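This is run-v7.pdb. It holds PDB, C-alpha atoms.
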```
ATOM      1  CA  MET A   1       0.000   0.000   0.000
ATOM      2  CA  PRO A   2       1.662   3.281  -1.049
ATOM      3  CA  HIS A   3       2.362   5.726   1.785
ATOM      4  CA  GLU A   4       0.395   8.481   0.013
ATOM      5  CA  GLN A   5      -2.665   6.241   0.281
ATOM      6  CA  LEU A   6      -2.103   5.436   3.938
ATOM      7  CA  HIS A   7      -2.306   9.027   5.135
ATOM      8  CA  ARG A   8      -5.637   9.468   3.359
ATOM      9  CA  LEU A   9      -7.231   6.574   5.259
ATOM     10  CA  ASP A  10      -8.138   7.256   8.887
ATOM     11  CA  LEU A  11      -6.983   4.794  11.532
ATOM     12  CA  ASN A  12     -10.487   3.453  12.174
ATOM     13  CA  LEU A  13     -10.752   2.333   8.549
ATOM     14  CA  LEU A  14      -7.366   0.632   8.747
ATOM     15  CA  LEU A  15      -8.494  -1.207  11.860
ATOM     16  CA  ALA A  16     -11.794  -2.125  10.210
ATOM     17  CA  PHE A  17      -9.895  -3.579   7.242
ATOM     18  CA  GLU A  18      -7.707  -5.610   9.595
ATOM     19  CA  ALA A  19     -10.752  -6.961  11.457
ATOM     20  CA  LEU A  20     -12.569  -7.851   8.243
ATOM     21  CA  MET A  21      -9.569  -9.707   6.841
ATOM     22  CA  ALA A  22      -9.070 -11.607  10.105
ATOM     23  CA  GLU A  23     -12.705 -12.540  10.698
ATOM     24  CA  ARG A  24     -13.970 -12.849   7.079
ATOM     25  CA  SER A  25     -17.354 -11.781   8.477
ATOM     26  CA  VAL A  26     -18.948  -8.352   8.850
ATOM     27  CA  THR A  27     -20.778  -9.488  11.995
ATOM     28  CA  ARG A  28     -17.689 -10.914  13.729
ATOM     29  CA  ALA A  29     -15.535  -7.948  12.635
ATOM     30  CA  ALA A  30     -18.100  -5.611  14.188
ATOM     31  CA  GLU A  31     -18.024  -7.598  17.429
ATOM     32  CA  ARG A  32     -14.230  -7.560  17.415
ATOM     33  CA  MET A  33     -14.198  -3.753  17.161
ATOM     34  CA  SER A  34     -17.183  -3.276  19.489
ATOM     35  CA  VAL A  35     -19.261  -1.454  16.880
ATOM     36  CA  GLY A  36     -22.638  -2.155  15.309
ATOM     37  CA  GLN A  37     -22.960  -4.238  12.147
ATOM     38  CA  PRO A  38     -24.287  -1.273  10.114
ATOM     39  CA  ALA A  39     -21.176   0.731  11.037
ATOM     40  CA  MET A  40     -18.889  -2.112   9.932
ATOM     41  CA  SER A  41     -20.853  -2.504   6.681
ATOM     42  CA  ALA A  42     -20.387   1.217   6.059
ATOM     43  CA  SER A  43     -16.639   0.884   6.690
ATOM     44  CA  LEU A  44     -16.452  -1.973   4.185
ATOM     45  CA  ALA A  45     -18.295   0.143   1.618
ATOM     46  CA  ARG A  46     -15.835   3.027   2.130
ATOM     47  CA  LEU A  47     -12.866   0.668   1.806
ATOM     48  CA  ARG A  48     -14.281  -0.795  -1.410
ATOM     49  CA  SER A  49     -14.779   2.678  -2.830
ATOM     50  CA  PHE A  50     -11.312   3.850  -1.829
ATOM     51  CA  PHE A  51      -9.474   0.863  -3.308
ATOM     52  CA  GLY A  52     -11.813   0.328  -6.249
ATOM     53  CA  ASP A  53     -12.112  -3.355  -5.379
ATOM     54  CA  PRO A  54     -14.783  -5.477  -3.624
ATOM     55  CA  LEU A  55     -12.081  -6.763  -1.206
ATOM     56  CA  LEU A  56     -14.384  -9.471   0.228
ATOM     57  CA  VAL A  57     -16.774 -11.504  -1.918
ATOM     58  CA  ARG A  58     -19.364 -14.025  -0.828
ATOM     59  CA  ASP A  59     -18.659 -17.717  -1.364
ATOM     60  CA  GLY A  60     -21.552 -19.703   0.043
ATOM     61  CA  ARG A  61     -21.981 -18.599   3.668
ATOM     62  CA  SER A  62     -18.531 -17.095   4.046
ATOM     63  CA  LEU A  63     -16.605 -14.139   2.674
ATOM     64  CA  VAL A  64     -13.304 -14.655   0.882
ATOM     65  CA  PRO A  65     -10.712 -11.966   0.131
ATOM     66  CA  THR A  66      -9.975 -10.876  -3.417
ATOM     67  CA  PRO A  67      -6.376 -11.000  -4.716
ATOM     68  CA  ARG A  68      -6.197  -7.231  -4.184
ATOM     69  CA  ALA A  69      -7.255  -7.607  -0.532
ATOM     70  CA  VAL A  70      -4.591 -10.274   0.053
ATOM     71  CA  GLU A  71      -1.994  -7.968  -1.505
ATOM     72  CA  LEU A  72      -3.039  -5.078   0.751
ATOM     73  CA  THR A  73      -3.080  -7.094   3.976
ATOM     74  CA  ALA A  74       0.695  -7.411   4.420
ATOM     75  CA  ALA A  75       1.309  -3.711   3.799
ATOM     76  CA  LEU A  76      -1.520  -2.740   6.135
ATOM     77  CA  GLN A  77      -0.187  -4.986   8.896
ATOM     78  CA  GLU A  78       3.248  -3.418   8.540
ATOM     79  CA  ALA A  79       1.734   0.047   8.910
ATOM     80  CA  LEU A  80      -0.286  -0.935  11.990
ATOM     81  CA  ASP A  81       2.758  -2.605  13.562
ATOM     82  CA  LEU A  82       4.742   0.617  13.169
ATOM     83  CA  ILE A  83       1.950   2.606  14.804
ATOM     84  CA  ASP A  84       1.610   0.113  17.680
ATOM     85  CA  SER A  85       5.362   0.049  18.307
ATOM     86  CA  ALA A  86       5.613   3.829  18.377
ATOM     87  CA  VAL A  87       2.660   4.222  20.748
ATOM     88  CA  LEU A  88       3.682   1.451  23.152
ATOM     89  CA  ALA A  89       7.331   2.510  23.281
ATOM     90  CA  SER A  90       6.318   6.044  24.246
ATOM     91  CA  ARG A  91       4.024   4.971  27.071
ATOM     92  CA  GLY A  92       6.395   2.991  29.264
ATOM     93  CA  PHE A  93       5.061   0.254  31.536
ATOM     94  CA  ASP A  94       4.440   0.201  35.275
ATOM     95  CA  PRO A  95       3.156  -3.238  36.356
ATOM     96  CA  ARG A  96       1.743  -1.782  39.578
ATOM     97  CA  THR A  97      -0.774   0.385  37.700
ATOM     98  CA  ALA A  98      -0.970  -1.062  34.166
ATOM     99  CA  ARG A  99      -4.353  -2.387  33.013
ATOM    100  CA  ARG A 100      -3.594  -4.762  30.214
ATOM    101  CA  THR A 101      -4.445  -8.235  28.943
ATOM    102  CA  PHE A 102      -1.741 -10.497  27.539
ATOM    103  CA  THR A 103      -2.779 -13.541  25.528
ATOM    104  CA  LEU A 104      -0.599 -16.667  25.574
ATOM    105  CA  MET A 105      -0.968 -20.014  23.819
ATOM    106  CA  ALA A 106       0.438 -23.034  25.647
ATOM    107  CA  SER A 107      -0.314 -26.645  26.539
ATOM    108  CA  ASP A 108      -1.928 -27.697  29.812
ATOM    109  CA  TYR A 109       1.494 -29.106  30.822
ATOM    110  CA  VAL A 110       3.094 -25.643  30.473
ATOM    111  CA  LEU A 111       0.161 -24.096  32.321
ATOM    112  CA  LEU A 112       0.539 -26.541  35.215
ATOM    113  CA  PHE A 113       4.282 -26.194  35.748
ATOM    114  CA  LEU A 114       5.209 -22.736  34.460
ATOM    115  CA  LEU A 115       2.318 -20.359  33.896
ATOM    116  CA  GLY A 116       0.191 -21.389  36.880
ATOM    117  CA  PRO A 117       2.893 -20.528  39.433
ATOM    118  CA  LEU A 118       3.707 -17.365  37.457
ATOM    119  CA  VAL A 119       0.105 -16.142  37.669
ATOM    120  CA  ALA A 120       0.248 -16.505  41.448
ATOM    121  CA  GLU A 121       3.424 -14.405  41.579
ATOM    122  CA  LEU A 122       2.005 -11.693  39.335
ATOM    123  CA  GLU A 123      -1.097 -11.170  41.476
ATOM    124  CA  ALA A 124       0.894  -9.050  43.912
ATOM    125  CA  GLU A 125       3.263  -7.433  41.418
ATOM    126  CA  ALA A 126       0.686  -6.505  38.759
ATOM    127  CA  PRO A 127      -2.805  -6.568  40.333
ATOM    128  CA  ASN A 128      -4.581  -5.199  37.241
ATOM    129  CA  LEU A 129      -2.831  -7.427  34.728
ATOM    130  CA  ARG A 130      -4.815 -10.213  33.060
ATOM    131  CA  LEU A 131      -3.337 -13.301  31.431
ATOM    132  CA  LEU A 132      -5.551 -15.086  28.911
ATOM    133  CA  ILE A 133      -4.125 -18.563  28.225
ATOM    134  CA  ARG A 134      -5.400 -20.485  25.207
ATOM    135  CA  PRO A 135      -4.767 -24.152  24.380
ATOM    136  CA  VAL A 136      -2.453 -24.864  21.446
ATOM    137  CA  ALA A 137      -4.416 -24.691  18.192
ATOM    138  CA  VAL A 138      -3.567 -26.281  14.852
ATOM    139  CA  ASP A 139      -3.209 -22.824  13.260
ATOM    140  CA  TYR A 140      -0.855 -21.501  15.966
ATOM    141  CA  ALA A 141       1.577 -20.061  13.389
ATOM    142  CA  GLU A 142      -1.174 -18.093  11.673
ATOM    143  CA  GLN A 143      -2.531 -16.835  14.996
ATOM    144  CA  LEU A 144       0.918 -15.657  16.087
ATOM    145  CA  SER A 145       1.274 -13.693  12.832
ATOM    146  CA  ARG A 146      -1.800 -11.626  13.705
ATOM    147  CA  PRO A 147      -2.331  -9.151  16.555
ATOM    148  CA  GLY A 148      -4.057 -10.731  19.513
ATOM    149  CA  LEU A 149      -1.566 -13.453  20.478
ATOM    150  CA  ASP A 150       1.374 -12.149  22.513
ATOM    151  CA  LEU A 151       3.339 -15.323  23.289
ATOM    152  CA  LEU A 152       3.348 -18.866  21.973
ATOM    153  CA  ILE A 153       5.022 -21.611  24.052
ATOM    154  CA  LEU A 154       5.872 -24.835  22.225
ATOM    155  CA  PRO A 155       8.543 -27.529  21.972
ATOM    156  CA  GLU A 156      11.309 -26.164  19.778
ATOM    157  CA  GLU A 157      11.072 -29.011  17.281
ATOM    158  CA  SER A 158       7.407 -28.221  16.606
ATOM    159  CA  ALA A 159       7.735 -24.496  16.023
ATOM    160  CA  GLU A 160       9.471 -23.772  12.723
ATOM    161  CA  LEU A 161       8.749 -20.060  12.956
ATOM    162  CA  GLN A 162      10.719 -17.098  11.639
ATOM    163  CA  VAL A 163      10.071 -14.936  14.699
ATOM    164  CA  SER A 164      11.820 -13.934  17.922
ATOM    165  CA  SER A 165      12.269 -16.730  20.440
ATOM    166  CA  ALA A 166      13.938 -17.798  23.676
ATOM    167  CA  ARG A 167      14.372 -21.244  25.209
ATOM    168  CA  LEU A 168      12.554 -21.652  28.515
ATOM    169  CA  PHE A 169      13.227 -25.055  30.073
ATOM    170  CA  THR A 170      14.031 -28.680  29.334
ATOM    171  CA  ASP A 171      12.312 -31.892  30.382
ATOM    172  CA  HIS A 172      13.064 -35.564  29.764
ATOM    173  CA  LEU A 173      10.643 -38.065  28.253
ATOM    174  CA  MET A 174       9.777 -41.197  30.224
ATOM    175  CA  CYS A 175       7.455 -44.135  29.687
ATOM    176  CA  ALA A 176       4.501 -44.413  32.054
ATOM    177  CA  VAL A 177       2.340 -47.492  32.757
ATOM    178  CA  ASP A 178      -0.177 -48.610  35.362
ATOM    179  CA  ALA A 179       1.536 -49.282  38.719
ATOM    180  CA  ARG A 180       0.219 -52.877  38.663
ATOM    181  CA  HIS A 181       0.723 -53.522  34.987
ATOM    182  CA  PRO A 182       0.321 -57.292  34.497
ATOM    183  CA  GLU A 183       3.190 -57.596  31.997
ATOM    184  CA  VAL A 184       5.755 -54.908  32.805
ATOM    185  CA  GLY A 185       8.381 -55.656  35.423
ATOM    186  CA  GLU A 186      11.103 -53.401  36.771
ATOM    187  CA  ARG A 187      12.291 -52.619  33.248
ATOM    188  CA  LEU A 188      10.477 -51.962  30.004
ATOM    189  CA  THR A 189      11.579 -54.454  27.369
ATOM    190  CA  GLU A 190      12.177 -53.536  23.740
ATOM    191  CA  GLU A 191       9.182 -55.683  22.743
ATOM    192  CA  GLN A 192       6.893 -53.913  25.232
ATOM    193  CA  PHE A 193       8.198 -50.534  24.082
ATOM    194  CA  ARG A 194       7.213 -51.422  20.521
ATOM    195  CA  THR A 195       3.882 -53.168  21.124
ATOM    196  CA  LEU A 196       2.057 -51.951  24.240
ATOM    197  CA  PRO A 197      -1.035 -49.884  23.286
ATOM    198  CA  LEU A 198       0.057 -46.256  23.133
ATOM    199  CA  VAL A 199      -1.651 -43.128  24.465
ATOM    200  CA  SER A 200      -0.482 -40.104  22.449
ATOM    201  CA  TYR A 201      -0.883 -36.316  22.666
ATOM    202  CA  SER A 202      -1.696 -34.718  19.328
ATOM    203  CA  ALA A 203      -3.364 -31.341  19.936
ATOM    204  CA  GLY A 204      -2.025 -28.587  17.704
ATOM    205  CA  PHE A 205       0.519 -30.706  15.829
ATOM    206  CA  ALA A 206       0.137 -32.223  12.377
ATOM    207  CA  ASP A 207       2.971 -34.619  13.251
ATOM    208  CA  PRO A 208       2.742 -35.381  17.012
ATOM    209  CA  ILE A 209       6.044 -35.141  18.861
ATOM    210  CA  ILE A 210       5.898 -38.561  20.530
ATOM    211  CA  GLU A 211       5.196 -40.403  17.291
ATOM    212  CA  ARG A 212       8.062 -38.472  15.684
ATOM    213  CA  ARG A 213      10.389 -39.529  18.497
ATOM    214  CA  PHE A 214       9.460 -43.184  18.007
ATOM    215  CA  ARG A 215      10.240 -42.934  14.286
ATOM    216  CA  ARG A 216      13.684 -41.526  15.063
ATOM    217  CA  GLN A 217      14.344 -44.768  16.925
ATOM    218  CA  GLY A 218      13.104 -46.813  13.985
ATOM    219  CA  VAL A 219       9.786 -47.651  15.640
ATOM    220  CA  GLU A 220       6.484 -46.945  13.891
ATOM    221  CA  ARG A 221       3.663 -46.545  16.416
ATOM    222  CA  VAL A 222      -0.046 -45.993  15.755
ATOM    223  CA  PRO A 223      -1.658 -44.697  18.977
ATOM    224  CA  ALA A 224      -4.556 -46.588  20.486
ATOM    225  CA  ILE A 225      -5.775 -43.296  21.986
ATOM    226  CA  GLY A 226      -5.014 -39.739  20.879
ATOM    227  CA  THR A 227      -5.708 -37.088  23.518
ATOM    228  CA  GLN A 228      -6.052 -33.333  23.196
ATOM    229  CA  ASN A 229      -4.583 -32.799  26.689
ATOM    230  CA  LEU A 230      -1.113 -33.817  27.761
ATOM    231  CA  VAL A 231      -1.882 -33.653  31.490
ATOM    232  CA  ILE A 232      -4.642 -36.251  31.263
ATOM    233  CA  GLN A 233      -2.394 -38.967  29.833
ATOM    234  CA  PRO A 234      -1.083 -40.389  33.144
ATOM    235  CA  LEU A 235      -4.643 -40.478  34.483
ATOM    236  CA  VAL A 236      -6.003 -42.798  31.769
ATOM    237  CA  LEU A 237      -3.390 -45.515  32.351
ATOM    238  CA  ALA A 238      -4.794 -46.924  35.593
ATOM    239  CA  GLY A 239      -6.156 -50.442  35.147
ATOM    240  CA  THR A 240      -5.053 -50.710  31.490
ATOM    241  CA  ARG A 241      -2.249 -52.315  29.465
ATOM    242  CA  MET A 242      -1.512 -48.970  27.824
ATOM    243  CA  MET A 243       1.701 -46.988  27.867
ATOM    244  CA  ALA A 244       2.227 -43.241  27.541
ATOM    245  CA  VAL A 245       5.388 -41.231  26.898
ATOM    246  CA  VAL A 246       5.280 -38.185  29.170
ATOM    247  CA  PRO A 247       7.596 -35.403  30.371
ATOM    248  CA  GLU A 248       9.332 -36.549  33.536
ATOM    249  CA  ARG A 249       8.020 -33.617  35.601
ATOM    250  CA  LEU A 250       4.473 -34.510  34.674
ATOM    251  CA  GLY A 251       4.955 -38.200  35.416
ATOM    252  CA  ARG A 252       6.489 -37.596  38.820
ATOM    253  CA  TYR A 253       3.783 -35.073  39.714
ATOM    254  CA  PHE A 254       1.002 -37.573  39.011
ATOM    255  CA  GLY A 255       3.033 -40.526  40.261
ATOM    256  CA  SER A 256       2.380 -39.313  43.799
ATOM    257  CA  GLN A 257      -1.364 -39.057  43.145
ATOM    258  CA  ALA A 258      -2.235 -41.750  40.593
ATOM    259  CA  PRO A 259      -1.314 -45.462  40.426
ATOM    260  CA  ILE A 260       1.333 -45.201  37.685
ATOM    261  CA  ARG A 261       5.004 -46.083  37.315
ATOM    262  CA  LEU A 262       7.689 -44.236  35.367
ATOM    263  CA  LEU A 263      10.202 -46.290  33.407
ATOM    264  CA  GLU A 264      13.179 -45.416  31.265
ATOM    265  CA  PRO A 265      12.655 -46.253  27.572
ATOM    266  CA  PRO A 266      14.968 -48.988  26.239
ATOM    267  CA  GLN A 267      16.655 -46.257  24.191
ATOM    268  CA  PRO A 268      16.603 -42.733  25.703
ATOM    269  CA  PHE A 269      14.520 -40.142  23.885
ATOM    270  CA  GLU A 270      16.040 -36.771  23.051
ATOM    271  CA  PRO A 271      15.241 -34.125  25.710
ATOM    272  CA  LEU A 272      12.167 -31.946  25.252
ATOM    273  CA  HIS A 273      13.105 -28.261  24.932
ATOM    274  CA  LEU A 274      10.324 -25.723  25.476
ATOM    275  CA  ALA A 275      10.618 -22.210  24.040
ATOM    276  CA  MET A 276       8.501 -19.084  23.759
ATOM    277  CA  TYR A 277       7.898 -17.267  20.474
ATOM    278  CA  TRP A 278       6.722 -13.748  19.682
ATOM    279  CA  GLN A 279       6.594 -11.308  16.795
ATOM    280  CA  PRO A 280       9.651  -9.012  16.450
ATOM    281  CA  ARG A 281       7.292  -6.020  16.446
ATOM    282  CA  ALA A 282       6.856  -6.599  20.211
ATOM    283  CA  ASN A 283      10.569  -6.120  20.985
ATOM    284  CA  SER A 284      10.112  -2.377  21.499
ATOM    285  CA  ASP A 285       7.004  -2.794  23.666
ATOM    286  CA  PRO A 286       8.072  -2.321  27.322
ATOM    287  CA  GLY A 287       5.045  -4.214  28.630
ATOM    288  CA  HIS A 288       5.729  -7.192  26.409
ATOM    289  CA  ARG A 289       9.386  -7.176  27.410
ATOM    290  CA  TRP A 290       8.361  -7.111  31.073
ATOM    291  CA  LEU A 291       6.147 -10.169  30.498
ATOM    292  CA  ARG A 292       8.937 -12.057  28.709
ATOM    293  CA  GLU A 293      11.299 -11.342  31.574
ATOM    294  CA  ARG A 294       8.834 -12.747  34.104
ATOM    295  CA  VAL A 295       8.236 -15.886  32.022
ATOM    296  CA  LEU A 296      11.984 -16.401  31.604
ATOM    297  CA  ARG A 297      12.646 -15.970  35.306
ATOM    298  CA  ALA A 298       9.913 -18.455  36.162
ATOM    299  CA  ALA A 299      11.456 -20.905  33.686
ATOM    300  CA  ALA A 300      14.935 -20.337  35.088
ATOM    301  CA  ALA A 301      13.649 -21.190  38.560
ATOM    302  CA  LEU A 302      11.948 -24.312  37.176
ATOM    303  CA  ASP A 303      14.966 -25.507  35.205
ATOM    304  CA  GLY A 304      17.565 -24.151  37.584
ATOM    305  CA  VAL A 305      19.814 -22.732  34.857
ATOM    306  CA  ALA A 306      18.359 -21.416  31.596
ATOM    307  CA  GLY A 307      16.963 -18.000  30.937
ATOM    308  CA  ILE A 308      19.506 -15.413  32.092
ATOM    309  CA  ASP A 309      20.948 -14.631  28.646
ATOM    310  CA  ALA A 310      17.487 -14.382  27.145
ATOM    311  CA  ILE A 311      16.344 -12.020  29.894
ATOM    312  CA  ASN A 312      19.226  -9.744  28.950
ATOM    313  CA  GLY A 313      18.089  -9.756  25.327
ATOM    314  CA  ARG A 314      20.754 -12.018  23.841
ATOM    315  CA  HIS A 315      18.257 -14.424  22.266
ATOM    316  CA  GLN A 316      15.877 -11.836  20.807
TER
END
```
Show me, as structure tokens, the structure contained in the file I just sent.
Amino acid sequence: MPHEQLHRLDLNLLLAFEALMAERSVTRAAERMSVGQPAMSASLARLRSFFGDPLLVRDGRSLVPTPRAVELTAALQEALDLIDSAVLASRGFDPRTARRTFTLMASDYVLLFLLGPLVAELEAEAPNLRLLIRPVAVDYAEQLSRPGLDLLILPEESAELQVSSARLFTDHLMCAVDARHPEVGERLTEEQFRTLPLVSYSAGFADPIIERRFRRQGVERVPAIGTQNLVIQPLVLAGTRMMAVVPERLGRYFGSQAPIRLLEPPQPFEPLHLAMYWQPRANSDPGHRWLRERVLRAAAALDGVAGIDAINGRHQ
């Protein structure tokens, strides 16, 4: 979008265009911007007139962008990012008084061990801060590319993203079975490792991590059960012949509460490295930097070592 065009469009129209492209619905775009549907329809009409293009056309029950709209979206996002960065950098950030919502996407495992304790710490330090934590979605990369998602926390091997990142903590993968498993003794045999019915975690990943790890060891496994929650895996093992591969922290946490046993795999799995990801446009936002520092410090306490370099900006 040429700069001479940008200054002739008011900010509300730019924001309306962004909402329409993200929602592909006049009704949902209006809700997103907290305006009435007639007002959003009027904004769409003005945008169509300005650009001389329908921008969104109906296809069945949904609206799809025209090639011109797709072309404009990247340039518009760049312009809005520049505006956001300039405004946020000028405001500063005081956690004691700031009223702000940060949205994070992470698994229930990360919520249990990292973000849950962090929320408790932040209650005193930032009483008006709100953390909205979403489960990992299949389109996590697309969601991170748009405004609205501040941080994404994923295993490094799953997130092939060209954005800013910092490693948080490491966990080891163990095999878990029912404490009174009728076939498994003190050690897990190679045959049991290859044949026991498998419980797998697949939410958000086209190629689940555990199944990928098996293939690296030359073992092809088809899960008997695929769950959308990692934390629930140890809980479904009781009274079954099934096996799950879980992070060691998770297994030991539930091992004291559920009748399960943790066993080393016949061949050790590679460690699981968790990292957080964010858009580079947030680097100049003091509030976002403050949040990253708190997440990194919580991870450093959890892991005992990592995080100091990233807090100082060396991994951004």
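Each of A:Leu154, A:Gly251, A:Ser200, A:Val57 was compared to Leu104 of chain A using all atoms listed in the file, and A:Leu154 turns out to be the nearest.
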Pro280 of chain A surroundings by all atoms listed in the file, 9 Å radius, close-in-sequence under 3 positions cut, as a list of chain:residue names: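 The residues that qualify are A:Val163, A:Ser164, A:Asn283, A:Ser284, A:Gln316.
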Neighbour list for segment 42-47 of chain A as a ChimeraX atom specification, cut-off 10 Å, all atoms listed in the file, skip fewer than 3 positions in-chain: /A:9,12-17,20,26,37-39,50-56
Atomic distance atom CA of Val231 of chain A - atom CA of Arg100 of chain A, expressed in Å with one decimal: 29.0 Å
Atom pair atom CA of Pro286 of chain A / atom CA of Glu142 of chain A: separation (Å): 24.1 Å
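Closest approach to Leu262 of chain A from the set A:Ala275, A:Ile133, A:Met105, A:Leu188 is made by A:Leu188, with distances taken over only C-alpha atoms.
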Matched chain/residue IDs from the PyMOL selection byres ((chain A and resi 237) around 9), as a ChimeraX atom specification: /A:176-179,199,233-236,238-244,259-260
Atomic separation - atom CA of Leu151 of chain A relative to atom CA of Trp278 of chain A, Å: 5.2 Å
Proximity to Asp285 of chain A - best of A:Tyr253, A:Phe113, A:Phe93, A:Phe102, only C-alpha atoms: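 Result for the nearest residue to Asp285 of chain A: A:Phe93.
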Residues selected by the PyMOL selection byres ((chain A and resi 227) around 10), written as a PyMOL selection string: chain A and resi 199-203+223+225-226+228-233
Minimum-distance residue to Arg146 of chain A, chosen among A:Leu302, A:Leu11, A:Ala69, A:Ala282 (using all atoms listed in the file): A:Ala282
Selection: 12 Å around Glu220 of chain A, only C-alpha atoms, excl. self and same-chain fewer than 3 positions, as a PyMOL selection string: chain A and resi 193-195+198+210-217+223
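Using all atoms listed in the file, the protein and nucleic acid residues lying no more than 8 Å from Thr103 of chain A, apart from those fewer than 2 places from it along its own chain, are A:Thr101, A:Met105, A:Leu131, A:Leu132, A:Ile133, A:Arg134, A:Gly148, A:Leu149, A:Asp150, A:Leu151.
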Size and centre in Å, one decimal, axis-aligned box, all listed segment 58-71 of chain A atoms plus 8 Å per side, as JSON:
```
{"center_x": -12.0, "center_y": -13.5, "center_z": -0.3, "size_x": 36.0, "size_y": 28.5, "size_z": 24.8}
```
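Of the listed residues (A:Pro135, A:Arg48, A:Ala166, A:Cys175), A:Ala166 comes nearest to Glu293 of chain A; the distances count all atoms listed in the file.
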Answer as a list in words, residues within 12 Å of (-2.9, -5.9, 42.5) using only C-alpha atoms: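 Residues satisfying the cut-off, written out: Asp94, Pro95, Arg96, Thr97, Ala98, Arg99, Val119, Ala120, Glu121, Leu122, Glu123, Ala124, Glu125, Ala126, Pro127, Asn128, Leu129 and Arg130 of chain A.
Restricting the calculation to only C-alpha atoms, the smallest distance between Arg61 of chain A and any of A:Gln162, A:Ser25, A:Ser107, A:Thr73 is found for A:Ser25.
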